[in-house]
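As stored in input-v1.cif (mmCIF, C-alpha atoms and all ligand atoms):
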```cif
data_data
loop_
_atom_site.label_atom_id
_atom_site.label_comp_id
_atom_site.auth_asym_id
_atom_site.auth_seq_id
_atom_site.Cartn_x
_atom_site.Cartn_y
_atom_site.Cartn_z
CA MET Y 69 0.00 0.00 0.00
CA ASN Y 70 1.34 3.45 -0.95
CA PHE Y 71 -0.38 6.68 -0.06
CA ALA Y 72 -0.02 10.25 1.16
CA TYR Y 73 -2.43 11.74 3.70
CA ASN Y 74 -2.78 15.46 4.46
CA GLY Y 75 -5.18 16.23 7.31
CA LEU Y 76 -6.90 19.60 7.17
CA PRO Y 77 -7.02 21.72 10.33
CA ALA Y 78 -10.60 22.01 11.59
CA ARG Y 79 -12.46 22.63 14.80
CA VAL Y 80 -15.88 20.98 14.47
CA LEU Y 81 -18.80 21.17 16.90
CA PHE Y 82 -21.70 18.85 16.06
CA GLY Y 83 -25.06 18.36 17.74
CA ARG Y 84 -28.52 19.75 18.43
CA GLY Y 85 -28.79 23.27 19.78
CA THR Y 86 -25.04 23.91 19.33
CA LEU Y 87 -25.85 27.41 18.02
CA THR Y 88 -25.94 28.54 21.66
CA ARG Y 89 -22.17 27.90 21.71
CA LEU Y 90 -21.45 30.39 18.90
CA ALA Y 91 -20.00 33.07 21.19
CA GLU Y 92 -17.73 30.48 22.82
CA LEU Y 93 -16.51 29.35 19.38
CA MET Y 94 -15.89 32.97 18.38
CA GLY Y 95 -13.66 33.32 21.44
CA GLU Y 96 -11.75 30.19 20.42
CA ILE Y 97 -10.86 31.65 17.01
CA GLY Y 98 -9.99 35.01 18.57
CA GLY Y 99 -13.03 36.89 17.23
CA LYS Y 100 -14.64 39.82 19.07
CA ARG Y 101 -16.54 41.57 16.24
CA ALA Y 102 -18.34 39.27 13.78
CA LEU Y 103 -19.97 40.14 10.48
CA LEU Y 104 -22.86 37.71 9.92
CA LEU Y 105 -23.59 36.43 6.40
CA SER Y 106 -26.71 34.90 4.84
CA THR Y 107 -28.77 34.77 1.66
CA PRO Y 108 -31.79 37.09 1.39
CA ALA Y 109 -33.99 34.01 1.93
CA GLN Y 110 -32.31 33.06 5.22
CA ARG Y 111 -32.11 36.57 6.71
CA GLY Y 112 -34.88 35.66 9.16
CA GLN Y 113 -32.93 32.61 10.35
CA VAL Y 114 -29.80 34.70 11.05
CA GLU Y 115 -31.30 37.86 12.55
CA PRO Y 116 -31.81 36.29 16.02
CA LEU Y 117 -28.03 35.85 16.18
CA LEU Y 118 -27.63 39.63 16.32
CA ALA Y 119 -29.40 39.56 19.67
CA LEU Y 120 -27.68 36.35 20.79
CA LEU Y 121 -24.22 37.82 20.18
CA GLY Y 122 -24.97 41.40 21.26
CA ASP Y 123 -21.90 43.64 20.87
CA ALA Y 124 -19.96 40.72 19.38
CA ALA Y 125 -22.03 41.06 16.17
CA VAL Y 126 -21.24 44.18 14.15
CA GLY Y 127 -23.61 43.63 11.23
CA LEU Y 128 -25.49 41.32 8.88
CA PHE Y 129 -24.76 41.12 5.15
CA ALA Y 130 -27.68 39.16 3.66
CA GLU Y 131 -26.85 39.17 -0.06
CA ALA Y 132 -25.08 35.82 -0.59
CA ALA Y 133 -25.89 34.26 -3.98
CA MET Y 134 -25.12 31.07 -5.92
CA HIS Y 135 -21.56 30.69 -7.34
CA THR Y 136 -20.10 33.67 -5.40
CA PRO Y 137 -20.44 36.56 -7.90
CA LEU Y 138 -17.46 38.93 -7.71
CA ASP Y 139 -19.46 42.14 -7.22
CA ILE Y 140 -21.25 40.73 -4.16
CA SER Y 141 -17.94 39.57 -2.63
CA GLU Y 142 -16.47 43.04 -3.09
CA ARG Y 143 -19.48 44.68 -1.44
CA ALA Y 144 -19.26 42.21 1.45
CA VAL Y 145 -15.54 42.95 1.97
CA ALA Y 146 -16.31 46.69 2.04
CA THR Y 147 -19.09 46.08 4.59
CA ALA Y 148 -16.74 44.01 6.79
CA GLN Y 149 -14.08 46.71 6.68
CA ARG Y 150 -16.52 49.56 7.38
CA ALA Y 151 -17.91 47.67 10.37
CA GLY Y 152 -14.43 46.84 11.70
CA ALA Y 153 -15.20 43.12 11.70
CA ASP Y 154 -12.45 40.79 12.93
CA CYS Y 155 -14.20 37.55 11.85
CA VAL Y 156 -17.11 36.34 9.73
CA ILE Y 157 -19.92 33.92 10.56
CA ALA Y 158 -21.57 32.36 7.48
CA LEU Y 159 -24.90 30.67 8.24
CA GLY Y 160 -26.41 28.88 5.25
CA GLY Y 161 -25.66 26.56 2.36
CA GLY Y 162 -22.74 26.49 -0.04
CA SER Y 163 -23.58 29.93 -1.42
CA THR Y 164 -23.30 31.71 1.94
CA ILE Y 165 -20.25 29.72 3.02
CA GLY Y 166 -18.69 30.57 -0.36
CA LEU Y 167 -19.16 34.27 0.42
CA GLY Y 168 -17.38 33.83 3.77
CA LYS Y 169 -14.50 32.15 1.92
CA ALA Y 170 -14.37 34.97 -0.65
CA ILE Y 171 -14.03 37.49 2.21
CA ALA Y 172 -11.33 35.39 3.88
CA LEU Y 173 -9.40 35.14 0.61
CA ARG Y 174 -9.25 38.93 0.36
CA THR Y 175 -8.85 39.87 4.04
CA ASP Y 176 -7.53 36.81 5.95
CA LEU Y 177 -10.38 37.23 8.46
CA PRO Y 178 -11.08 33.96 10.34
CA GLN Y 179 -14.41 32.26 9.60
CA ILE Y 180 -17.00 30.23 11.43
CA ALA Y 181 -19.20 28.25 9.04
CA VAL Y 182 -22.68 27.19 10.18
CA PRO Y 183 -23.98 24.89 7.42
CA THR Y 184 -27.69 24.45 6.81
CA THR Y 185 -27.50 22.18 3.72
CA TYR Y 186 -25.48 19.04 2.90
CA ALA Y 187 -23.23 20.65 0.24
CA GLY Y 188 -20.05 20.27 2.31
CA SER Y 189 -18.24 23.50 1.42
CA GLU Y 190 -17.58 24.29 5.11
CA VAL Y 191 -14.81 21.67 5.32
CA THR Y 192 -13.05 22.28 1.99
CA PRO Y 193 -10.23 24.65 1.03
CA ILE Y 194 -12.03 25.19 -2.31
CA LEU Y 195 -13.63 28.39 -3.58
CA GLY Y 196 -15.56 28.79 -6.84
CA GLN Y 197 -16.25 32.36 -7.98
CA THR Y 198 -18.01 33.88 -10.98
CA GLU Y 199 -17.20 37.04 -12.89
CA GLY Y 200 -19.03 37.98 -16.07
CA GLY Y 201 -20.66 34.55 -16.23
CA ARG Y 202 -17.30 32.69 -16.01
CA LYS Y 203 -16.71 30.38 -13.06
CA THR Y 204 -13.19 29.78 -11.77
CA THR Y 205 -12.23 27.45 -8.93
CA GLN Y 206 -9.21 27.59 -6.66
CA ARG Y 207 -7.87 25.50 -3.81
CA THR Y 208 -6.09 27.37 -1.00
CA LEU Y 209 -5.95 26.92 2.76
CA LYS Y 210 -6.67 30.67 3.05
CA VAL Y 211 -10.37 29.92 2.48
CA LEU Y 212 -10.77 26.90 4.79
CA PRO Y 213 -13.07 27.95 7.68
CA GLU Y 214 -11.27 27.92 11.06
CA ALA Y 215 -14.32 26.45 12.81
CA VAL Y 216 -17.52 24.67 11.79
CA LEU Y 217 -20.63 24.57 13.92
CA TYR Y 218 -23.15 21.91 12.89
CA ASP Y 219 -26.53 22.42 14.54
CA VAL Y 220 -28.97 19.75 13.33
CA ASN Y 221 -31.93 22.00 14.28
CA LEU Y 222 -30.98 24.42 11.47
CA THR Y 223 -31.51 21.73 8.83
CA LEU Y 224 -35.13 21.06 9.82
CA THR Y 225 -36.32 23.90 7.56
CA LEU Y 226 -34.51 22.57 4.48
CA PRO Y 227 -37.38 21.39 2.24
CA ALA Y 228 -37.53 17.66 1.46
CA SER Y 229 -36.74 18.16 -2.25
CA MET Y 230 -33.65 20.27 -1.48
CA SER Y 231 -32.59 17.83 1.23
CA ALA Y 232 -32.66 15.06 -1.38
CA THR Y 233 -30.63 16.86 -4.04
CA SER Y 234 -28.23 18.40 -1.53
CA GLY Y 235 -27.68 14.94 0.02
CA LEU Y 236 -26.97 13.44 -3.41
CA ASN Y 237 -24.52 16.31 -4.01
CA ALA Y 238 -22.71 15.21 -0.84
CA ILE Y 239 -22.73 11.56 -1.92
CA ALA Y 240 -21.11 12.63 -5.20
CA HIS Y 241 -18.12 14.06 -3.27
CA ALA Y 242 -17.64 10.69 -1.58
CA VAL Y 243 -18.01 8.66 -4.78
CA GLU Y 244 -15.25 10.65 -6.47
CA GLY Y 245 -13.09 10.42 -3.33
CA LEU Y 246 -13.31 6.62 -3.52
CA TYR Y 247 -11.57 6.54 -6.91
CA ALA Y 248 -9.51 9.74 -6.65
CA ARG Y 249 -5.90 9.59 -7.83
CA ASP Y 250 -4.82 11.05 -4.48
CA GLY Y 251 -7.23 8.94 -2.42
CA ASN Y 252 -6.03 7.07 0.65
CA PRO Y 253 -7.43 4.65 3.28
CA ILE Y 254 -8.69 7.43 5.58
CA VAL Y 255 -10.52 9.17 2.76
CA SER Y 256 -12.08 5.85 1.71
CA LEU Y 257 -13.28 5.13 5.26
CA MET Y 258 -14.90 8.55 5.49
CA ALA Y 259 -16.41 8.24 2.01
CA GLU Y 260 -17.96 4.83 2.63
CA GLU Y 261 -19.38 5.85 6.01
CA GLY Y 262 -20.65 9.17 4.60
CA VAL Y 263 -22.52 7.45 1.75
CA ARG Y 264 -23.94 4.86 4.14
CA ALA Y 265 -25.22 7.51 6.56
CA LEU Y 266 -26.81 9.64 3.82
CA ALA Y 267 -28.29 6.77 1.80
CA GLN Y 268 -30.06 5.51 4.92
CA ALA Y 269 -31.13 8.93 6.20
CA LEU Y 270 -32.39 10.67 3.03
CA PRO Y 271 -35.43 8.41 2.37
CA ARG Y 272 -36.49 8.92 6.01
CA ILE Y 273 -36.15 12.70 5.61
CA VAL Y 274 -38.22 12.73 2.41
CA ASP Y 275 -40.94 10.75 4.20
CA ARG Y 276 -40.74 12.81 7.41
CA PRO Y 277 -38.75 16.07 7.07
CA GLY Y 278 -38.97 16.63 10.82
CA ASP Y 279 -37.31 13.29 11.75
CA ILE Y 280 -34.50 14.62 13.93
CA GLU Y 281 -32.54 11.35 14.05
CA ALA Y 282 -32.56 11.14 10.25
CA ARG Y 283 -31.54 14.82 10.03
CA SER Y 284 -28.67 14.16 12.41
CA ASP Y 285 -27.47 11.12 10.42
CA ALA Y 286 -27.66 13.09 7.15
CA LEU Y 287 -25.68 16.04 8.51
CA TYR Y 288 -23.08 13.64 9.91
CA GLY Y 289 -22.84 12.01 6.48
CA ALA Y 290 -22.56 15.41 4.81
CA TRP Y 291 -19.67 16.36 7.10
CA LEU Y 292 -17.81 13.17 6.14
CA CYS Y 293 -18.51 13.58 2.41
CA GLY Y 294 -17.46 17.25 2.48
CA THR Y 295 -14.24 16.29 4.25
CA VAL Y 296 -13.58 13.80 1.44
CA LEU Y 297 -14.03 16.57 -1.14
CA GLY Y 298 -11.62 18.74 0.83
CA SER Y 299 -8.98 16.01 1.01
CA ALA Y 300 -8.98 14.30 -2.41
CA GLY Y 301 -9.23 15.40 -6.03
CA MET Y 302 -12.34 15.59 -8.16
CA ALA Y 303 -12.87 13.66 -11.41
CA LEU Y 304 -15.34 13.32 -14.29
CA HIS Y 305 -18.52 13.80 -12.27
CA HIS Y 306 -17.49 17.18 -10.85
CA LYS Y 307 -16.10 18.28 -14.24
CA LEU Y 308 -19.46 17.52 -15.88
CA CYS Y 309 -21.39 19.35 -13.17
CA HIS Y 310 -19.08 22.38 -13.31
CA THR Y 311 -19.53 22.48 -17.10
CA LEU Y 312 -23.31 22.13 -16.95
CA GLY Y 313 -23.65 24.64 -14.09
CA GLY Y 314 -21.13 27.15 -15.42
CA SER Y 315 -21.98 27.16 -19.14
CA PHE Y 316 -25.68 26.20 -19.17
CA ASN Y 317 -26.73 27.75 -15.88
CA LEU Y 318 -28.21 24.52 -14.50
CA PRO Y 319 -28.93 24.44 -10.73
CA HIS Y 320 -26.04 23.07 -8.65
CA ALA Y 321 -27.40 20.34 -6.38
CA GLU Y 322 -30.04 19.12 -8.87
CA THR Y 323 -27.40 18.72 -11.59
CA HIS Y 324 -25.23 16.64 -9.24
CA ALA Y 325 -28.25 14.47 -8.43
CA VAL Y 326 -28.99 13.76 -12.12
CA VAL Y 327 -25.41 13.22 -13.32
CA LEU Y 328 -24.04 11.08 -10.46
CA PRO Y 329 -25.42 7.63 -11.52
CA HIS Y 330 -24.16 8.18 -15.08
CA ALA Y 331 -20.66 9.33 -14.09
CA THR Y 332 -20.47 6.36 -11.70
CA ALA Y 333 -21.47 3.95 -14.48
CA TYR Y 334 -18.87 5.51 -16.81
CA ASN Y 335 -16.11 4.81 -14.28
CA ALA Y 336 -17.39 1.51 -12.84
CA ALA Y 337 -15.19 -0.93 -14.76
CA ALA Y 338 -12.08 1.22 -14.22
CA ALA Y 339 -12.55 1.50 -10.43
CA PRO Y 340 -13.57 -1.94 -9.07
CA ASP Y 341 -12.40 -1.35 -5.47
CA ALA Y 342 -14.31 1.93 -5.28
CA MET Y 343 -17.42 0.22 -6.66
CA ALA Y 344 -17.15 -2.58 -4.07
CA ARG Y 345 -17.03 -0.03 -1.25
CA LEU Y 346 -19.84 2.00 -2.80
CA SER Y 347 -22.04 -1.11 -3.15
CA ARG Y 348 -21.42 -1.94 0.51
CA ALA Y 349 -22.33 1.62 1.53
CA LEU Y 350 -25.53 1.52 -0.53
CA GLY Y 351 -26.45 -1.96 0.72
CA VAL Y 352 -26.47 -3.66 -2.70
CA ALA Y 353 -24.58 -6.69 -4.02
CA GLN Y 354 -23.63 -5.07 -7.34
CA ASP Y 355 -24.33 -2.21 -9.77
CA PRO Y 356 -23.88 0.80 -7.43
CA ALA Y 357 -24.56 3.17 -10.36
CA GLY Y 358 -28.02 1.63 -10.77
CA ALA Y 359 -28.51 1.80 -7.00
CA LEU Y 360 -27.69 5.54 -7.02
CA PHE Y 361 -30.25 6.04 -9.80
CA ASP Y 362 -32.86 4.10 -7.81
CA LEU Y 363 -32.06 6.19 -4.71
CA GLY Y 364 -32.68 9.36 -6.75
CA VAL Y 365 -36.04 8.00 -7.92
CA ARG Y 366 -36.95 7.02 -4.34
CA LEU Y 367 -36.11 10.57 -3.19
CA GLY Y 368 -38.08 12.24 -5.99
CA ALA Y 369 -34.95 13.85 -7.48
CA PRO Y 370 -35.32 15.50 -10.93
CA ALA Y 371 -35.69 12.89 -13.68
CA GLY Y 372 -33.08 14.22 -16.11
CA LEU Y 373 -31.23 17.28 -17.42
CA LYS Y 374 -34.29 17.89 -19.62
CA ALA Y 375 -36.36 18.41 -16.47
CA LEU Y 376 -33.78 21.00 -15.32
CA GLY Y 377 -34.36 23.09 -18.43
CA MET Y 378 -31.43 21.99 -20.60
CA SER Y 379 -31.98 21.81 -24.41
CA GLN Y 380 -31.17 18.79 -26.57
CA VAL Y 381 -29.31 21.10 -28.99
CA ASP Y 382 -26.78 21.99 -26.25
CA LEU Y 383 -25.62 18.42 -25.62
CA ASP Y 384 -22.93 18.47 -28.33
CA ARG Y 385 -21.40 21.67 -26.98
CA ALA Y 386 -21.61 20.32 -23.42
CA ALA Y 387 -19.69 17.20 -24.56
CA ASP Y 388 -17.05 19.39 -26.25
CA LEU Y 389 -16.61 21.51 -23.12
CA ALA Y 390 -16.50 18.47 -20.82
CA VAL Y 391 -13.60 16.87 -22.73
CA GLU Y 392 -11.62 20.15 -22.83
CA ASN Y 393 -9.03 20.35 -20.00
CA PRO Y 394 -10.47 17.26 -18.29
CA TYR Y 395 -9.78 16.53 -14.60
CA TRP Y 396 -7.85 13.30 -13.95
CA ASN Y 397 -10.28 10.34 -14.18
CA PRO Y 398 -9.89 6.58 -13.63
CA ARG Y 399 -11.23 5.86 -17.13
CA PRO Y 400 -9.88 7.89 -20.05
CA ILE Y 401 -12.23 10.64 -21.22
CA GLU Y 402 -13.64 9.56 -24.60
CA ARG Y 403 -15.80 12.12 -26.45
CA PRO Y 404 -18.32 9.61 -27.98
CA ALA Y 405 -18.88 7.89 -24.61
CA ILE Y 406 -19.26 11.25 -22.83
CA ARG Y 407 -21.82 12.32 -25.45
CA ARG Y 408 -23.79 9.09 -24.80
CA LEU Y 409 -23.53 9.69 -21.03
CA LEU Y 410 -24.95 13.20 -21.45
CA GLN Y 411 -27.82 11.88 -23.61
CA ALA Y 412 -28.75 9.30 -20.96
CA ALA Y 413 -28.56 11.96 -18.22
CA PHE Y 414 -30.64 14.30 -20.38
CA ASP Y 415 -33.36 11.69 -20.95
CA GLY Y 416 -33.29 10.54 -17.33
CA ASP Y 417 -32.57 6.91 -18.28
CA ARG Y 418 -31.32 4.35 -15.77
CA PRO Y 419 -27.58 3.89 -16.55
CA ALA Y 420 -26.96 0.76 -18.65
P1 LIG Y 501 -27.45 27.35 -1.53
O1 LIG Y 501 -26.49 27.73 -0.47
O2 LIG Y 501 -27.42 28.14 -2.80
O3 LIG Y 501 -28.91 27.37 -0.93
C1 LIG Y 501 -30.05 27.28 -1.79
C2 LIG Y 501 -31.23 28.05 -1.17
O4 LIG Y 501 -31.67 27.33 -0.01
C3 LIG Y 501 -30.84 29.44 -0.69
O5 LIG Y 501 -31.90 30.31 -0.93
C4 LIG Y 501 -30.66 29.24 0.80
O6 LIG Y 501 -30.86 30.41 1.53
C5 LIG Y 501 -31.72 28.20 1.11
N1 LIG Y 501 -31.42 27.37 2.29
C6 LIG Y 501 -30.26 26.81 2.65
N2 LIG Y 501 -30.40 26.13 3.79
C7 LIG Y 501 -31.69 26.24 4.18
C8 LIG Y 501 -32.44 25.74 5.28
N3 LIG Y 501 -31.89 24.94 6.20
N4 LIG Y 501 -33.73 26.07 5.35
C9 LIG Y 501 -34.32 26.83 4.39
N5 LIG Y 501 -33.66 27.33 3.33
C10 LIG Y 501 -32.36 27.03 3.22
O7 LIG Y 501 -27.30 25.80 -1.94
P2 LIG Y 501 -26.14 24.74 -1.76
O8 LIG Y 501 -26.48 23.63 -2.68
O9 LIG Y 501 -25.88 24.45 -0.34
O10 LIG Y 501 -24.84 25.48 -2.29
C11 LIG Y 501 -24.57 25.61 -3.66
C12 LIG Y 501 -23.35 26.48 -3.86
O11 LIG Y 501 -22.27 26.00 -3.06
C13 LIG Y 501 -22.83 26.48 -5.29
O12 LIG Y 501 -22.41 27.79 -5.62
C14 LIG Y 501 -21.66 25.53 -5.24
O13 LIG Y 501 -20.71 25.78 -6.25
C15 LIG Y 501 -21.13 25.77 -3.86
N6 LIG Y 501 -20.38 24.61 -3.29
C16 LIG Y 501 -19.07 24.79 -3.02
C17 LIG Y 501 -18.33 23.76 -2.47
C18 LIG Y 501 -16.88 23.97 -2.16
O14 LIG Y 501 -16.24 23.10 -1.58
N7 LIG Y 501 -16.32 25.11 -2.49
C19 LIG Y 501 -18.94 22.52 -2.17
C20 LIG Y 501 -20.29 22.37 -2.47
C21 LIG Y 501 -21.02 23.44 -3.01
#
```
Output the file's structure in the form of structure tokens.
Amino acid sequence: MNFAYNGLPARVLFGRGTLTRLAELMGEIGGKRALLLSTPAQRGQVEPLLALLGDAAVGLFAEAAMHTPLDISERAVATAQRAGADCVIALGGGSTIGLGKAIALRTDLPQIAVPTTYAGSEVTPILGQTEGGRKTTQRTLKVLPEAVLYDVNLTLTLPASMSATSGLNAIAHAVEGLYARDGNPIVSLMAEEGVRALAQALPRIVDRPGDIEARSDALYGAWLCGTVLGSAGMALHHKLCHTLGGSFNLPHAETHAVVLPHATAYNAAAAPDAMARLSRALGVAQDPAGALFDLGVRLGAPAGLKALGMSQVDLDRAADLAVENPYWNPRPIERPAIRRLLQAAFDGDRPA
């Protein structure tokens, strides 16, 4: 066995009602004046923190948006500087946590991430940003949040449909970690356990969104899967999703949910050990790609790229873009096979 393992520094608090420990966590990262961040939609969920933190909160910037647009990041940095903030607290999904990272990149302010979806950005040193419709991604420890506070209660308001797609987004991080070129035994353990936790929890959440045990299991799984994304490289699946999201404006988590079974099927024969672990995590004897598709159906995930608003005429260009500057992948990237993959994902077929 040969491998390299790089652990990422992280202080993680996990539980129910942990939000009451926010001030304590601020003290631990040396923060005395926090700028709070949210999306417009989650403003109401964050506002009570202004009272909870008192003088330790110097403002709320509630303009976070998908894919971290440059102009919003610049306005947020100006707000942080005007308010004399010495740390940021991002409460929300990947969009809000991305904004916190964008501020940290430009100012070095320490961050506390308080995730409310399963996207996993809070434990990665990765930041995607958009300027003029172009998305660029970078990996730097400057953007890794210093502390993460998981409060299961905050996920209770995540609608069942978003819980399903966000959870499948998390599973996708783990699947690609299982066959990553820079994978290692620790990453594989986390990936397998993360998929197992989410695959068991998500159907329970879709049936009963208020099931606190299922919510807790899902958030635990999301933490593991996000940590995998932060520790190992991405491959074909993430490349396809970045292409479809960046160039065709398809929604992030939903696109992951649709593409994952097809990317898994594409790589299955080239990554037998990863598929064995994935099958075990999903509780099937074989064909984990089919099992992921069936899980999506069980969760009511979108049926195909067509259902997300993509046009048939764009599939050729999507295939061209996906084979340009490909990420490393266990199976070579072959244009005709990628085009067939995209057609199957578009139609919402079960992978062959
Ligand atoms: P999101 O953050 O865009 O949230 C979607 C909507 O749901 C928003 O309106 C948000 O306010 C709302 N919401 C979130 N949590 C809620 C809750 N508990 N209750 C009610 N409403 C809630 O969605 P996302 O899928 O978490 O994040 C997507 C973004 O994150 C993309 O830009 C993606 O590129 C990025 N991302 C980055 C990484 C990384 O490592 N850098 C990883 C995953 C995702």
Each residue of region 275-312 of chain Y with at least one atom at most 10 Å from region 198-209 of chain Y should appear once, together with its nearest atom pair and the corresponding distance in Å (one decimal); atoms considered: only C-alpha atoms; ordering: chain, then increasing residue number; output as CSV.
```
residue,atom,partner,partner_atom,distance
Y:Gly298,CA,Y:Arg207,CA,9.0
Y:His310,CA,Y:Lys203,CA,8.3
Y:Thr311,CA,Y:Lys203,CA,9.3
```
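Only residues having an atom at most 9 Å from (-22.4, 29.9, 17.7) are included; using only C-alpha atoms, these are Thr86, Leu87, Thr88, Arg89, Leu90, Ala91, Glu92, Leu93, Met94, Leu117, Leu120, Leu121, Ile157, Ile180, Val182 and Leu217 of chain Y.
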Next item on the list: List all protein, DNA and RNA residues that have an atom no more than 6 Å from any atom of ligand LIG 501 (chain Y), counting only C-alpha atoms and all ligand atoms, and report them as JSON, numbers by chain.
Entry: {"Y": [107, 109, 110, 134, 135, 160, 161, 162, 163, 164, 184, 185, 187, 188, 189, 192, 194, 195, 196, 222, 223, 225, 226, 234, 320, 321]}
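Excluding Leu328 (chain Y) itself and any same-chain residue fewer than 6 positions from it, the protein and nucleic acid residues within 10 Å of it, counting all atoms listed in the file, are Leu236, Asn237, Ile239, Ala240, His241, Val243, Glu244, Leu304, His305, His306, Leu308, Cys309, Tyr334, Ala357, Leu360, Phe361, Gly364 and Ala413 of chain Y.
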Item checked: Point-to-point distance in Å for CA of Asp250 (chain Y) and CA of Ala342 (chain Y) -> 13.2 Å
